[in-house]
Structures are given as structure tokens and as C-alpha cells.
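Peer 1: A single structure is presented below for examination.
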Amino acid sequence: MEHIRMPKVENVWLVDRSSSRRTQVGTLYLTATHTIFVGKGSENRNELWVLHSLVCNVVKHKASQSGYPLLIHCKNFQVIQFIIPQESDCHDVYISLSRLSRPEKYEELYCFSFNPNAEREHSWDFLDMKAEYSRMGLPNKQWHVTPINREYRVCDTYPSDLFVPKSVTLPVIVGSSKFRSRGRFPTLSYYCKENHATICRSSQPLSGFSARCLEDEQMLQAIMKSNPGSRFMYVVDTRPKLNAMANRAAGKGYENEDNYCNIKFQFIGIENIHVMRNSLQKLIEVSALRSPTMREFLLGLENSDWLRHIKSIMEAGIFISKAVAEEGVSVLVHCSDGWDRTAQVCSVASVLLDPYYRTLKGLMVLIEKDWVSFGHKFSHRCGHLDGEAKEVSPVIDQFLECVWQFMDQFPCSFEYNEKFLISIHNHVYSCNYGNFICNSQKERKELCIKEKTHSIWPHLWEDKLDFMNPLYKADQSQNQGLLRPSTAPFCFKYWRRLYNRFDRELHPRQSEMDCLMTIKEETQQLEEELDVYEQKLAVLGKERAKTLYMQKGLLDVKHQMLWSLPLDASLVNSPQDYIGGFIGAAPNVFTLQQGERESTELSLFGDKPKSDADNSDQESGVADFSSHSSGEESLPSEDSVKDPDSDETGPNRA
Amino acid sequence: MELSEHIKTANVEDVTLRRPFHPALRGTLCVTSHHLLFSDRKDEDSWQLLILLRNIDATEKSVENLFGYPRAVGSSGTITIKCKDLLVLQLEIPGMEECLNIASSIEALSALESVTEMYPFFHRPSHLTLHGPWGLSSTEKYYKQTERLWDRWRVSTVNSDYSVCPSYPHAVIVPREVDDEKLVQSARFRQGGRFPVLSYCHHRNGMVIMRSSQPLTGANRKRCKEDELLLQAVIDGSVLGYIIDLRSTQQAQQARMTGGGFESKSCYSHWKRIHRHHERGKVLQESLIKLVEACSDPSHSVDRWLSKLENSKWLSHVHSALSTAGLVVECVERDGHSVLVHGSEGTDSTLVVSSLAQLILHPASRTLTGFLGLLERDWIQAGHPFQQRCAHSAYSHARLKQECPSFLLLLDCVWQVWRQFPLALEFSEALLLRLAQEVYASNYGTFLCNNEQERCAAGVKENTHCLFQSLLSPDIEEQYLNPLYEPTDLAIWPSVHPQSLQLWTGLFLRWTEYAQNMEEAREEVWSIVKKHRERAGPDRTNNTPSTHCDTLTPFENLMDELTIL
């Protein structure tokens with residue numbers, strides 16, 4: 001609170017960057033957690049709430065005629081522009097927001113004050129990692145949980161429960177961990193029940209130019225042997241070879257094939273966090289271009305290199321998933337510290353390998369396992385606290401985008417839709433929930449995250465109907481569960497829904513998927529009703545048999561049955577409900593949505609079928625056409641085009 | 001020369017066929033006057049591939065031992081066949097001479113010049129008769145359907161013998177107050193005689209979209225009183241009309257040097273001219289060639305793909321076509337003004353823009369029949385020279401003459417609109433793909449010749465079948481319908497931001513894995529919708545939002561069952 005210099009500013013303009021005509025005036029409030037803009041005008045009170053933790057940066061622009069512009073860039077790619085009439089107000093808001101958006105202590109984060117009407121402890125029980133490992137088939141004859149890291153003594157960035165081969169003794173683990181950056185020794189990430197192949201992860205070995213570690217070699221040997229079906233294992237270094245070689249000079253490096261028995265070593269070449277950060281920055285600049293030409297957009301996209309990086313991550317995941325599923329060979333994955341690229345690659349491979357991770361709950365589990373528990377440094381990478389800008393990098397963003405690219409290629413293979421991915425993306429940054437706070441399990445325990453904040457997953461689960469893909473086919477036996485995505489360059493698309501999330505005018509105006517979802521729900525409803533009726537028919541049939549048995553006249557029976565229907569129905573699960581509930585409610589839902597859609601269309605195009613043409617919202621989306629391609633003004637008059645025959649200065653005479 | 005004289009080897013055994021995403025097959029290859037037939041000759045469920053020779057855009061042959069050992073045993077050759085629908089096949093033919101013979105037959109027979117030798121004149125499916133009605137729509141039908149026109153507009157048959165404008169149909173819609181004599185004068189003042197005629201009348205405000213070719217003002221600013229009167233009559237009492245000139249200001253200026261020109265402010269005082277540059281002709285064709293080349297090379301990196309995509313400029317053309325169509329719609333619907341669209345000849349980009357604008361504006365043109373009718377009026381009857389434009393597609397090595405994928409560009413734009421309004425069109429992507437194929441090679445006569453005059457002379461209506469009617473026959477219609485169609489009365493304004501436009505993967509990547517997965521998704525959409533229809537009963541499938549009456553259906557059915565009990 002002490003950081004708020006200016007809790008309220010009147011007569012602020014909220015500029016709609018796609019159309020100046022939709023700019024509105026209102027009041028700006030700064031609270032401890034949100035920036036709130038309330039539009040004036042009694043009819044439709046327009047409110048905009050922006051969480052401070054989502055604010056990426058605040059920029060003051062040069063004064064314009066109408067006041068002092070303030071630009072707020074958000075981590076979810078929203079860009080908000082205010083114009084504040086007084087310079088001093090603008091400055092105060094700027095200073096306050098700059099401070100509020102860069103908290104110095106965890107306790108300042110929103111999740112510690114966020115209090116929804118939900119049971120907190122219960123929310124943390126929603127996902128159970130033990131259950132996930134036993135779903136994979138662990139522990140088993142070969143793998144068990146080692147207690148060695150219970151107190152986070154061997155590796156403070158790893159979770160407390162870790163799976164290692166049974167044959168490995170504690171001294172071997174300790175020895176191996178001493179030979180790995182940050183003590184992140186090789187441990188299991190994914191186990192394939194069908195062929196016993198595993199994906200293990202670690203950090204780079206401290207091999208320098210020649211160092212060896214017997215325990216580490218034993219560790220790898222044990223991992224290889226725990227998969228009886230194969231004679232070797234892959235060791236995948238996800239870094240570009242040059243980077244890995246450079247690390248050797250610092251006493252780190254990569255495994256020497258000569259020292260480790262039966263390993264096949266492979267570089268993948270995913271760039272480091274700094275390259276990725278810069279790439280995203282360029283991508284954001286492209287996505288934020290206002291009416292670019294096709295050329296500017298495509299070349300901008302290309303120059304950002306973003307899709308190339310996505311491709312390299314995907315290729316690594318594809319390599320591993322194929323090794324596990326098709327060759328039945330175990331893989332050890334590492335990068336430098338084993339919490340960025342390694343997390344990406346392991347989770348991408350898991351999504352390809354196991355249909356479970358293509359379900360809503362499965363993706364939650366996967367993120368909780370490969371990212372949260374294995375110590376992806378969310379606080380640093382997402383910049384939750386004021387700190388080193390160089391630590392920020394869109395690592396998990398890239399994982400989510402890989403999943404999106406897969407969804408684009410396999411529209412029927414995922415239970416969730418892109419809204420789910422976007423929601424997760426949003427909450428990774430929002431600090432609304434405690435899941436993505438801190439850099440490791442240990443830190444979270446110390447901060448009592450589970451006691452003081454809520455978990456995101458049950459919240460998302462509540463809205464699961466919004467996140468369902470209507471095309472999902474649960475039965476994926478045809479490809480044995482493995483997805484084989486193409487990496488032909490044309491398969492990599494620009495994710496408009498994420499990067500232009502808040503530019504409504506860029507998105508399709510009708511949603512095929514929403515429509516399909518409604519249809520599906522309605523079908524289900526109808527089927528349930530049918531069941532009810534079939535039951536009732538059965539009851540009636542029995543009654544009829546009874547009455548026939550009692551030798552009543554047929555006409556009577558008919559009569560009776562017709563009358564008995566509503567009565568009967570109200571007893572069993574009620575056609576009253578059906579009539580009231582379905583006939584009343586369901587179509588309403590339908591028409592409501594229809595109505596909504598139309599109303600959005602109306603506001604988007606200002607296109608009203610019957611009403612007068614003077615609707616204030618009229619101009620909205622349409623001015624775009626004229627302002628595009630040639631930079632002429634909307635509906636250019638001949639003044640702007642310059643009538644070539646109007647005077648002597650026509651181009652052919654000049 | 002008889003067609004069969006081109007065939008030196010009609011049959012080859014033991015040919016290996018390779019096509020994308022299928023294992024290689026061995027079988028027999030036959031060449032007929034119009035087809036290439038491959039059959040695996042299995043007794044049970046034998047598989048056949050029939051390719052219209054007309055569909056073949058280019059062949060490449062590689063023969064071992066080309067020189068020296070003409071009849072060497074075991075020699076063989078490979079013919080790569082690149083089709084106009086972008087499919088690429090390979091045939092391994094044992095025997096070099098056979099290989100060369102087949103290649104030369106394909107080359108000769110796929111490039112027939114004479115219309116009446118083409119396959120539509122020989123296609124005689126058993127379930128169709130030749131004497132049925134031909135086509136779906138015409139100037140007269142459109143006039144009859146559009147009540148708004150009756151007052152101020154009339155159908156003129158000034159062109160009934162095609163002497164006023166050889167590329168126009170026999171009947172056109174013009175302002176009632178302009179007599180045929182004035183039309184003749186105006187036609188003399190327009191390139192190719194394409195005087196301004198009505199293309200569309202907006203059902204909401206009566207404003208119209210006209211199209212024509214450029215006026216022949218020339219360097220010394222000729223005028224034509226009748227042309228001016230004609231345009232004056234179009235806007236009648238209203239203050240203003242817009243001329244959308246599909247050339248840049250500079251191009252329009254330059255056109256005067258070669259006898260063309262534009263409507264000057266001083267002579268057409270009530271018309272405001274807006275210039276929008278559109279590529280045409282060779283540039284567009286080369287753009288298509290570059291795009292297809294980029295798509296068929298999956299080896300390069302993401303980066304090079306994007307620059308190749310950009311370099312092809314295809315999406316830029318889509319972008320400008322949609323933007324200009326949007327501009328036209330804005331004039332008509334928003335500002336309530338009539339519009340005249342023309343470029344130079346008025347047979348290509350003019351038609352793209354005017355028909356796209358109708359699709360955006362007019363709910364009826366978004367139905368299957370409506371859309372086909374629109375294509376028939378605004379493309380086929382309006383004299384888009386299909387035969388010249390679609391002689392070759394993207395693979396051909398032949399020197400470009402008049403080829404230009406204007407129609408493909410239109411289909412692509414329609415596809416973009418469908419992506420943005422997936423519920424608003426009654427037809428499906430499958431229809432667009434089918435049209436993209438048929439326009440280059442077809443069993444039907446619909447896309448033959450360059451204009452109505454030529455079609456009459458060749459007897460197309462009498463001797464071939466109509467594609468559009470066959471598309472509407474009930475047994476195949478369903479695959480061309482959009483299962484999610486929900487009619488809307490509103491104009492559907494597409495977004496034209498580059499971020500919103502996509503490559504039409506269904507067409508350009510049609511023969512890749514990618515398209516196969518999309519096919520699965522399409523089937524799933526249908527199965528969801530069908531399941532719903534089954535459950536909900538036929539009354540609810542009319543795409544009308546549910547009403548109380550409809551929801552009663554299952555209930556009532558049950559009552560019937562009860563009474564039968």
C-alpha cells in the first residue's frame with residue numbers, strides 16, 4: 001500500500017489500439033493488487049482489471065495533445081494504453097506501478113492475499129504425484145524411491161522423492177550427484193510400462209576435459225540395465241555442441257563415450273535461455289505491429305527465429321519419444337543445469353509418448369512433475385520478483401507452444417483445447433495461485449506455499465467444460481499412443497491466439513469448436529433423457545403386462561397409460577424437469593449463446609441488421625480495410641489519392 | 001489427327017506406381033485418349049487409379065541407357081507426373097521404349113488445344129442425360145429473383161449475338177433509363193466492349209456493385225457521353241458512387257499511353273475514384289509457381305520456408321483481394337453508395353473483388369446453390385477466360401501465355417472467410433478443393449472455353465454435362481455441405497490483418513501428412529453432428545436455433561410409441 005502514490009485518477013483515456021473510435025474515458029484506480037479502469041457512462045459499465053504481477057513493464061510516452069500517455073505491457077501479451085491529463089498524475093501512476101509490478105519479497109505476491117471460496121488444503125491434494133508414478137507402474141522390480149533427498153541435502157533443487165534403479169546404492173547416488181552440476185544426478189522422469197524403457201534426467205557432468213567419476217558411470221550403467229530389453233542407452237545433450245564444449249573449460253561438459261559403457265551420445269542443439277528471451281522479444285514486436293503488410297509480418301516472424309527454436313525443441317522430443325517407443329531404448333537427457341531445456345524436452349517427449357498427458361488432468365500432472373517438482377526456476381524465469389532480468393526466459397512458454405503445435409497437427413488427439421494452454425500460460429505469470437511461485441520444492445516448503453496459497457489445478461478443473469476439445473477421440477490405440485508429428489517447416493504456425501490474445505479483431509468471429517461443444521452437450525442431454533424414457537417404458541410395459549393379466553379392456557389400458565405418464569414421470573427423474581429444465585433451459589442456453597455471438601459480432605463490425613445506421617459502435621472493425629495495404633486514409637478521398645488528371649503535376653508530366 | 005494416333009504404346013505391365021503416403025504398387029498402366037489408368041490387377045478388391053490426362057501439368061522422364069542401347073534388356077525408365085491438382089506421382093516403367101512412348105503420349109494428349117476434343121465432350125455417365133437443364137443461374141434468373149431491381153433496372157439483350165461485347169453473356173442488367181443504343185456507344189468506349197453492367201444489388205439498401213473494363217480515354221482524354229450517362233443512371237438521384245480501380249494511380253496513368261485510362265473527376269463528377277493495386281496475369285501465375293515450389297520442398301528450415309512463403313507473395317495477393325473486397329462492402333453496406341469495380345480488362349481481379357464482396361454481403365450467396373450460382377454468373381457467364389487462364393498450373397515448364405490463377409485466388413479468399421466464419425457458409429472446404437481441381441481438369445463442360453460465345457459455338461451445353469448440377473445431386477451434395485452451417489443475415493466482415501490470414505493448407509499441402517490429419521478432424525466433426533441429428537430428430541437439423549416446438553420432438557415420438565403399446 002505504501003507504494004501507491006496515487007490511488008485514483010479521474011478523466012483518464014483508455015485507448016483501444018486497434019481503433020481510435022473505441023477509446024473511452026473513465027477513472028483509474030490503483031489498488032494493492034490491481035490496476036482498475038472504470039469506464040464512464042451509466043449504461044454499460046466497462047471495467048478493466050489488470051493484476052500487478054502480470055505487468056511486464058510500464059513506459060511513459062511523449063506528451064500528446066490530449067495528455068500524457070502511459071503504456072503497460074503485460075506478460076500475457078496484453079498492451080494497455082492510458083492517457084492521463086496531468087503530467088504529475090501520470091508520473092505518480094508510473095512510479096507506483098513500476099514498484100507494484102516488481103515486488104521485492106514473495107509475501108507481496110498476489111497469491112498470498114488471494115482468497116477464493118475454496119478449501120485450501122484440499123486444493124493441494126488434487127494432484128498426487130505418487131499416484132502418477134504408480135500409474136506409470138512404479139515402483140517395480142527395477143525402480144524404487146530413494147529416501148536420499150528427503151531433506152534436500154543431496155540436491156536442493158530436486159524434489160524429495162526420486163526414483164532410481166534399485167541396484168544403485170546410496171554412495172553411488174551421492175558420488176554421482178557430486179559429479180553433476182548442482183548435484184542434479186540422473187533420476188527417472190518417465191517410465192514406459194510396455195517396454196521398460198525410461199526417460200531419465202540430470203544436469204551436465206563435471207567432466208571438464210578428462211575427469212571421470214566411477215559412481216556416475218555406475219549410475220548410468222544401472223539405468224541402462226534396468227531396461228533389460230536394450231543393450232545401450234542414449235545420452236542426449238540438448239545444448240548445441242559448441243556450448244557444451246565451452247562448458248568443458250569451466251570444468252563442466254558432457255559424457256565421454258569412451259568412459260561410459262554402452263551409451264550413444266547425441267547433441268540436439270537447443271539454444272540457451274538468453275537466445276530464447278531475445279527471440280521472444282522480437283516475436284512480440286512482430287505480433288504487436290499495427291496493420292503490417294504481409295511482408296513485414298512474415299519476415300518479422302522469420303527474423304525472430306522463434307519457430308526455429310520451437311522446431312528444435314520439438315525435434316528433441318520426437319527423437320526421445322521414438323527412442324523410447326520404437327527402439328525401446330532408455331534415454332538420459334540433460335542440458336547445463338537440467339531445469340530448462342531438459343524439462344522442455346522430457347515433457348515434450350512425454351506428451352508424444354503417453355496419451356494420458358494429452359488429457360486435462362494428465363497435462364496438469366506433467367507440469368507439476370517435470371516442471372514444478374523438478375525445480376524449473378519459475379520465479380526467475382517468469383520474473384515474479386524484482387531481480388536479474390537476464391534470468392527471465394520463456395522456457396515453459398515454449399513447452400506450451402510445442403503442445404499447441406501438436407494440437408494443430410493432431411486435432412483429435414488432445415482432450416484439452418488451446419484455451420487450456422492459454423489459461424495455464426496466464427497463471428504461470430499471474431501469481432494468483434501458489435503453484436508457480438519459487439524456484440524449487442524446497443523453497444516452496446520453506447515459504448509454506450501449501451499453507452498460505454491455493455493451487456491452480458482444482459480451479460482449472462472446475463472450468464473443464466471450457467477447456468474440452470470436442471474432437472477428442474479417447475481411443476488412440478491405432479497409433480499405439482505415440483504421436484509422430486511432422487517437422488516439415490510449413491507445419492509450424494504462428495500462435496495468434498496467444499500472442500495476439502487481446503486483439504479481438506484478429507480472431508475468427510465464430511468458433512467452430514464452441515459450436516461443436518454445444519452440439520455435443522446437447523446430444524448427451526438428449527441421450528440421458530432417452531435413457532429416462534426407456535426406463536419408464538420398461539416400467540409401463542410391466543404395468544401393461546399386469547393390467548393385461550388382470551384382463552382389463554385394452555381401451556382402458558391405453559387410457560390409463562396416457563394418463564399415468566405425467567404422474568409417473570414426476571416420480572422418476574421427471575419429465576417435468578425435462579420440460580421445465582430442457583425445453584426451458586437448454587434452448588435458452590443455446591439462444592443465449594447465439595445472442596452473445598451476435599452481440600459480439602455487432603460490436604465488432606458495428607453491423608446491425610435492422611437498426612439505424614448511426615450506432616456509435618458502427619465504425620469499429622471495418623475501418624481496417626481502407627487503412628491497410630497502401631497507407632491511405634480510411635475511405636480515401638481523391639485528395640489523398642491525387643486525381644491524376646486534375647492538374648498539371650500528374651506523375652507522367654513531372 | 002485422331003487422338004488415338006498419339007498412342008504408340010497403350011498398355012504396359014509391371015509398372016511400379018509411387019505416390020505420397022502409400023506403399024509402392026505394381027500393376028498395369030494403360031493410356032487412353034483422355035486417361036491414364038493404373039490397376040494393380042488383383043482379382044479381389046483390385047485398386048485402380050484413373051487420372052485425367054488434362055490434369056497432368058508436367059511430366060519428367062529419366063531413362064537409363066538413353067543413348068546407345070535402345071532395346072537393352074532390363075532397362076527401364078521413370079516418369080514423374082505432376083498434376084494440376086498438385087499431386088505428384090512416379091511411374092517406373094520397364095522397357096525404355098515403352099517409357100518414352102507413354103511419356104510422349106501423355107505430353108501430346110494432356111495439351112489438346114481443341115475444345116471439342118476434350119474429355120467433357122466424351123464423358124457420358126450412365127445416370128445423367130444430356131438433355132436436362134444446364135446451369136443454375138443466369139442474368140434473367142437473378143433479375144427475376146431480385147425484386148429490388150425491377151423498378152429501375154432492366155435486362156438488356158443488346159449483346160444477344162455477342163457483337164457488342166464478345167466476352168459478355170447474351171443478357172446483362174443495366175439501368176432502365178439507358179437504352180441499348182447508349183450501351184453500344186459505351187461498349188465502344190470500354191476495353192473489349194465490357195461496358196458497366198450490374199453484378200449485385202444489395203438486398204438491404206438497393207445499392208449496386210457494377211463491373212466493367214477500363215474506359216478508353218487514351219492520351220488525349222477522350223470522352224463518351226453515353227458512358228457518362230450510363231454511370232449517372234446507376235447512381236440515379238444519389239449524390240455519390242465509388243469507382244474502385246484495381247490499379248495503382250500510376251498504372252492507371254500509364255494505361256492512357258496505350259489507349260486505356262480511367263474515369264476522370266471532371267467527366268464523372270458524382271463518382272469518387274479509389275485506386276487499389278492488384279497484381280494480375282503473369283505475376284500472379286509466377287506467385288503460384290513459387291508458392292507450390294516452396295510447399296513441395298519440405299527439406300529446408302523453418303526460416304527459409306517463411307521467406308519463401310513471403311517471396312511467393314501469394315498471401316499478399318490474398319490480403320489485397322480481401323482488403324479491396326472489404327472496401328467495396330464498406331462503400332455499399334456502411335456508406336450506402338453504389339460501386340463500380342474495374343481494372344484494365346475487367347475479366348480477372350475485377351471478378352475476384354466483386355464476387356468476394358457479394359459473399360461478404362449477401363447471405364444467399366453463402367449457400368451452396370447461391371455460391372455456385374454466383375460463380376456461374378460472375379465468372380463463367382461474365383467471361384473469365386478459363387481456358388486461357390487455366391491451361392497450365394504451377395508445375396508446367398511451358399512458356400507462360402495467358403495463364404493466371406485468378407479463380408484459385410478467389411477460392412483461397414473464400415477459404416479465408418470460412419476460417420474466420422466457420423458457421424456462416426453452407427458449403428465446405430471440400431467444395432472449394434473440388435472446384436480448384438475441376439477448373440483445371442474436369443469431366444464436365446462448365447469451365448470449358450473463355451466465354452459464352454465460344455461455349456455456344458462449341459455446343460458445350462448440348463454436348464457436355466454441367467458440373468454445378470452434378471454437385472447438387474443429393475447423393476454427393478452432403479460432402480460439400482458444412483455440417484455447422486448456421487445462416488446469418490449479417491455481413492461477415494473478415495479480418496485482413498496478416499496475423500489473421502493463413503496458408504490454405506488444404507489445397508497447397510493437400511498431399512502431405514498434415515492434410516491427412518485434418519481429414520480425420522473433418523470426419524469427427526461430421527460424426528458429432530450426425531449423432532446429434534440422430535438424437536434430436538430431423539426437425540432440429542434445419543440449422544434453425546432451437547425453438548420450443550423442436551425440443552418437443554423426442555417427447556412426442558415417445559408418446560406415439562406409448563399409444564402403440
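Lettering and numbering for the C-alpha cells are positional, with chains as A, B, ... in the shown order, residues counted from 1 in each chain, and ligands counted from 1 in the shown order.
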Residues of chain B near chain A: apply a cut-off of 7 Å, count only C-alpha atoms, and supply the list as a ChimeraX atom specification.

Peer 2: /B:249,253,264,272-274,298-299,301-303,305-307,310,315-316,320,323,326-327,419-423,490,493,495,497-500,514,517,521,524-525,528,532,535,545-548,551,563

Peer 1: Which residues in stretch 198-326 of chain B does DSSP call helix (DSSP H, G or I)? List them as a count of residues only.

Peer 2: 59

Peer 1: Near A:Asp340, counting only C-alpha atoms, which residues have an atom at most 8 Å away, once you skip same-chain residues fewer than 5 positions from it, shown as a list in words?

Peer 2: Ile273, Cys335, His376 and Val395 of chain A

Peer 1: Okay, now the selection with C-alpha atoms, as a PDB file, in the first residue's frame?

Peer 2:
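Saved result, again_7.pdb, follows:
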ATOM      1  CA  ILE A 273      17.666 -19.005 -22.265  1.00  0.00           C
ATOM      2  CA  CYS A 335      21.455 -29.639 -20.656  1.00  0.00           C
ATOM      3  CA  HIS A 376      12.215 -25.281 -13.009  1.00  0.00           C
ATOM      4  CA  VAL A 395      11.035 -21.698 -21.211  1.00  0.00           C
TER       5      VAL A 395
END

Peer 1: Applying 8 Å and only C-alpha atoms, which residues near B:Thr157 remain after dropping the ones on its own chain fewer than 5 positions away? List them as a list of chain:residue names.

Peer 2: B:His170, B:Ala171, B:Val172

Peer 1: Please save N, CA, C and O atoms of the selected residues as a PDB file, in the first residue's frame.

Peer 2:
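Dumped everything to out.pdb:
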ATOM      1  N   HIS B 170     -25.280 -13.155 -73.266  1.00  0.00           N
ATOM      2  CA  HIS B 170     -26.267 -12.548 -74.169  1.00  0.00           C
ATOM      3  C   HIS B 170     -27.143 -11.537 -73.453  1.00  0.00           C
ATOM      4  O   HIS B 170     -27.696 -10.641 -74.059  1.00  0.00           O
ATOM      5  N   ALA B 171     -27.298 -11.690 -72.160  1.00  0.00           N
ATOM      6  CA  ALA B 171     -28.165 -10.762 -71.433  1.00  0.00           C
ATOM      7  C   ALA B 171     -27.399 -10.136 -70.273  1.00  0.00           C
ATOM      8  O   ALA B 171     -26.609 -10.810 -69.610  1.00  0.00           O
ATOM      9  N   VAL B 172     -27.610  -8.839 -70.061  1.00  0.00           N
ATOM     10  CA  VAL B 172     -26.972  -8.143 -68.939  1.00  0.00           C
ATOM     11  C   VAL B 172     -27.992  -7.225 -68.284  1.00  0.00           C
ATOM     12  O   VAL B 172     -29.002  -6.869 -68.897  1.00  0.00           O
TER      13      VAL B 172
END

Peer 1: Write out as a ChimeraX atom specification which residues come within 7 Å of stretch 140-146 of chain A when counting only C-alpha atoms, dropping same-chain ones fewer than 4 positions away.

Peer 2: /A:161-166,226

Peer 1: Can I get the selected residues back with C-alpha atoms, as a PDB file, in the first residue's frame?

Peer 2:
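Writing done, so here's result.pdb:
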ATOM      1  CA  ASP A 161      11.011 -38.252  -3.650  1.00  0.00           C
ATOM      2  CA  LEU A 162      13.104 -39.529  -6.524  1.00  0.00           C
ATOM      3  CA  PHE A 163      13.077 -42.747  -8.472  1.00  0.00           C
ATOM      4  CA  VAL A 164      16.388 -44.505  -9.093  1.00  0.00           C
ATOM      5  CA  PRO A 165      17.289 -48.039 -10.143  1.00  0.00           C
ATOM      6  CA  LYS A 166      17.043 -50.454  -7.210  1.00  0.00           C
ATOM      7  CA  SER A 226      17.098 -51.604 -15.634  1.00  0.00           C
TER       8      SER A 226
END

Peer 1: Fewer than 2 positions away in the same chain doesn't count, so skip those; otherwise give me all residues within 8 Å of stretch 439-455 of chain B, counting only C-alpha atoms, as an mmCIF file with C-alpha atoms, in the first residue's frame.

Peer 2:
data_model
loop_
_atom_site.group_PDB
_atom_site.id
_atom_site.type_symbol
_atom_site.label_atom_id
_atom_site.label_comp_id
_atom_site.auth_asym_id
_atom_site.auth_seq_id
_atom_site.Cartn_x
_atom_site.Cartn_y
_atom_site.Cartn_z
ATOM 1 C CA LEU B 52 -7.481 -37.361 -66.497
ATOM 2 C CA ARG B 54 -5.851 -32.991 -68.871
ATOM 3 C CA ASN B 55 -4.965 -32.938 -65.174
ATOM 4 C CA LYS B 84 -2.623 -29.657 -61.830
ATOM 5 C CA ASP B 85 -4.210 -30.608 -58.524
ATOM 6 C CA VAL B 115 -12.191 -27.754 -77.041
ATOM 7 C CA TYR B 119 -12.938 -35.160 -72.334
ATOM 8 C CA PRO B 120 -16.147 -33.411 -71.247
ATOM 9 C CA PHE B 121 -17.390 -33.999 -74.772
ATOM 10 C CA HIS B 123 -17.949 -38.082 -70.665
ATOM 11 C CA TYR B 162 -22.213 -11.207 -78.881
ATOM 12 C CA PRO B 166 -17.725 -10.792 -77.299
ATOM 13 C CA SER B 167 -16.928 -11.804 -73.722
ATOM 14 C CA TYR B 168 -20.253 -10.833 -72.145
ATOM 15 C CA PRO B 169 -23.276 -13.119 -71.926
ATOM 16 C CA HIS B 170 -26.267 -12.548 -74.169
ATOM 17 C CA ILE B 380 -18.451 -18.202 -66.246
ATOM 18 C CA GLN B 381 -21.060 -16.013 -67.868
ATOM 19 C CA ALA B 382 -19.147 -12.861 -67.075
ATOM 20 C CA GLY B 383 -16.426 -14.132 -69.371
ATOM 21 C CA HIS B 384 -13.467 -15.054 -67.240
ATOM 22 C CA PRO B 385 -11.280 -16.731 -69.875
ATOM 23 C CA PHE B 386 -10.976 -20.075 -68.086
ATOM 24 C CA GLN B 387 -9.397 -21.885 -70.969
ATOM 25 C CA GLN B 388 -6.569 -19.401 -71.277
ATOM 26 C CA CYS B 390 -6.107 -22.478 -66.539
ATOM 27 C CA ALA B 391 -4.247 -24.057 -69.430
ATOM 28 C CA HIS B 392 -1.403 -24.788 -67.076
ATOM 29 C CA SER B 393 -0.909 -24.799 -63.361
ATOM 30 C CA LEU B 435 -13.599 -26.522 -57.665
ATOM 31 C CA ALA B 436 -9.870 -25.887 -57.543
ATOM 32 C CA GLN B 437 -9.399 -29.236 -59.209
ATOM 33 C CA ALA B 457 -20.157 -22.193 -80.823
ATOM 34 C CA ALA B 458 -18.649 -25.378 -79.415
ATOM 35 C CA GLY B 459 -22.019 -26.662 -78.278
ATOM 36 C CA VAL B 460 -20.910 -27.070 -74.688
ATOM 37 C CA LYS B 461 -24.421 -27.072 -73.301
ATOM 38 C CA THR B 464 -21.331 -31.910 -72.018
ATOM 39 C CA HIS B 465 -22.647 -32.220 -68.504
ATOM 40 C CA CYS B 466 -22.884 -29.396 -66.023
ATOM 41 C CA LEU B 467 -20.594 -29.621 -63.014
ATOM 42 C CA PHE B 468 -22.710 -27.432 -60.764
#

Peer 1: Which residues are near A:Val329? Cut-off 7 Å, only C-alpha atoms, ignore same chain within fewer than 5 positions. Put them as JSON, numbers by chain.

Peer 2: {"A": [197, 230, 232, 233, 323, 324]}

Peer 1: As an MDAnalysis selection string, please: every residue in stretch 37-203 of chain A that DSSP puts in strand (DSSP E or B).

Peer 2: chainID A and resid 37:39 47:51 55:60 64 67:74 79:84 143:146 162:165 180 187:191 198:202

Peer 1: Counting only C-alpha atoms, figure out which residue out of A:His459, A:Arg212, A:Lys75, A:Arg99 gets nearest to A:Arg381.

Peer 2: A:Lys75

Peer 1: Out of A:Asp397, A:Glu194, A:Glu10, A:Glu132, which residue has the shortest atom-to-atom distance to A:Ile424 when counting only C-alpha atoms?

Peer 2: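 Smallest separation from A:Ile424 among the options: A:Asp397.
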
Peer 1: Go through A:Phe185, A:Phe420, A:Phe265, A:Trp461 one by one, measure the shortest atom-to-atom distance of each to A:Asp337 using only C-alpha atoms, and give the residue with the smallest value.

Peer 2: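 Of A:Phe185, A:Phe420, A:Phe265, A:Trp461, the one nearest A:Asp337, counting only C-alpha atoms, is A:Phe185.
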
Peer 1: For each of B:Leu240, B:Leu109, B:Ile173, B:Leu89, take the minimum atom-to-atom distance to B:Thr139, counting only C-alpha atoms, then give the residue where this is smallest.

Peer 2: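 Smallest separation from B:Thr139 among the options: B:Ile173.
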
Peer 1: Could you tell me how far atom CA of A:Tyr190 lies from atom CA of A:Leu483, in Å and to one decimal?

Peer 2: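 Computed distance, atom CA of A:Tyr190 to atom CA of A:Leu483, equals 16.2 Å.
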